[in-house]
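Down below is the structure, laid out as structure tokens.
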Amino acid sequence: MKEAIGELNGTIIVISAVALLAAFFFTFMWPNLQRGMKYRARCSDAICDVGYNENNLTYCYMPGDDKTNYFECPYKG
């Protein structure tokens, strides 16, 4: 009986640790990863000006846009 209770306690500890790691990932890590993926996709579709600005980035806009909604992307050369 003591072995069964010991294994149950170990299982509960493992399940709790996995739940905490999953909660941390989906609360903090996943939103940052998702935001980065959207940013990179947006920059790959953009039309960018030539040269750098003061942040070592370039100003870009989306095709078909009226060039007033600028955003910054890394300069591709």
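So you can find residues: chains in the structure tokens are A, B, ... in the order shown, residues in each start at 1, and ligands are numbered from 1 in order.
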All strand (DSSP E) residues (DSSP, backbone) inside chain A, as a ChimeraX atom specification: /A:47-48,58-61,71-73
Using only C-alpha atoms, determine which residues lie at most 6 Å from segment 39-51 of chain A, disregarding the query and same-chain residues fewer than 6 positions distant; provide the list as a PyMOL selection string. chain A and resi 59-62+73
What would the file look like if the residues just selected were written as a compact mmCIF listing (two decimals), in the first residue's frame with N, CA and C atoms?
```
# COMPACT_ATOMS: atom_id res chain seq x y z
N TYR A 59 11.67 52.16 -42.80
CA TYR A 59 10.23 52.36 -42.80
C TYR A 59 9.60 51.57 -43.94
N CYS A 60 8.53 50.86 -43.64
CA CYS A 60 7.86 50.02 -44.63
C CYS A 60 6.37 50.28 -44.60
N TYR A 61 5.71 49.88 -45.66
CA TYR A 61 4.25 49.96 -45.73
C TYR A 61 3.76 48.76 -46.53
N MET A 62 2.51 48.46 -46.40
CA MET A 62 1.94 47.30 -47.08
C MET A 62 1.55 47.68 -48.51
N CYS A 73 10.80 47.82 -40.07
CA CYS A 73 11.28 46.47 -40.29
C CYS A 73 12.80 46.50 -40.42
```
To test your reading of the structure, identify every residue in chain A that backbone DSSP assigns to alpha helix (DSSP H), and report it as a PyMOL selection string. chain A and resi 2-24+30-45
Could you check how far atom CA of Pro74 of chain A sits from atom CA of Arg35 of chain A, in Å to one decimal?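 Spanning atom CA of Pro74 of chain A to atom CA of Arg35 of chain A is a straight-line distance of 15.8 Å.
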Quick check, in Å to one decimal: how far apart do atom CA of Tyr70 of chain A and atom CA of Asn32 of chain A lie? 21.8 Å
So how many Å separate atom CA of Glu54 of chain A and atom CA of Tyr75 of chain A, to one decimal?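 Going from atom CA of Glu54 of chain A over to atom CA of Tyr75 of chain A, I get 12.2 Å.
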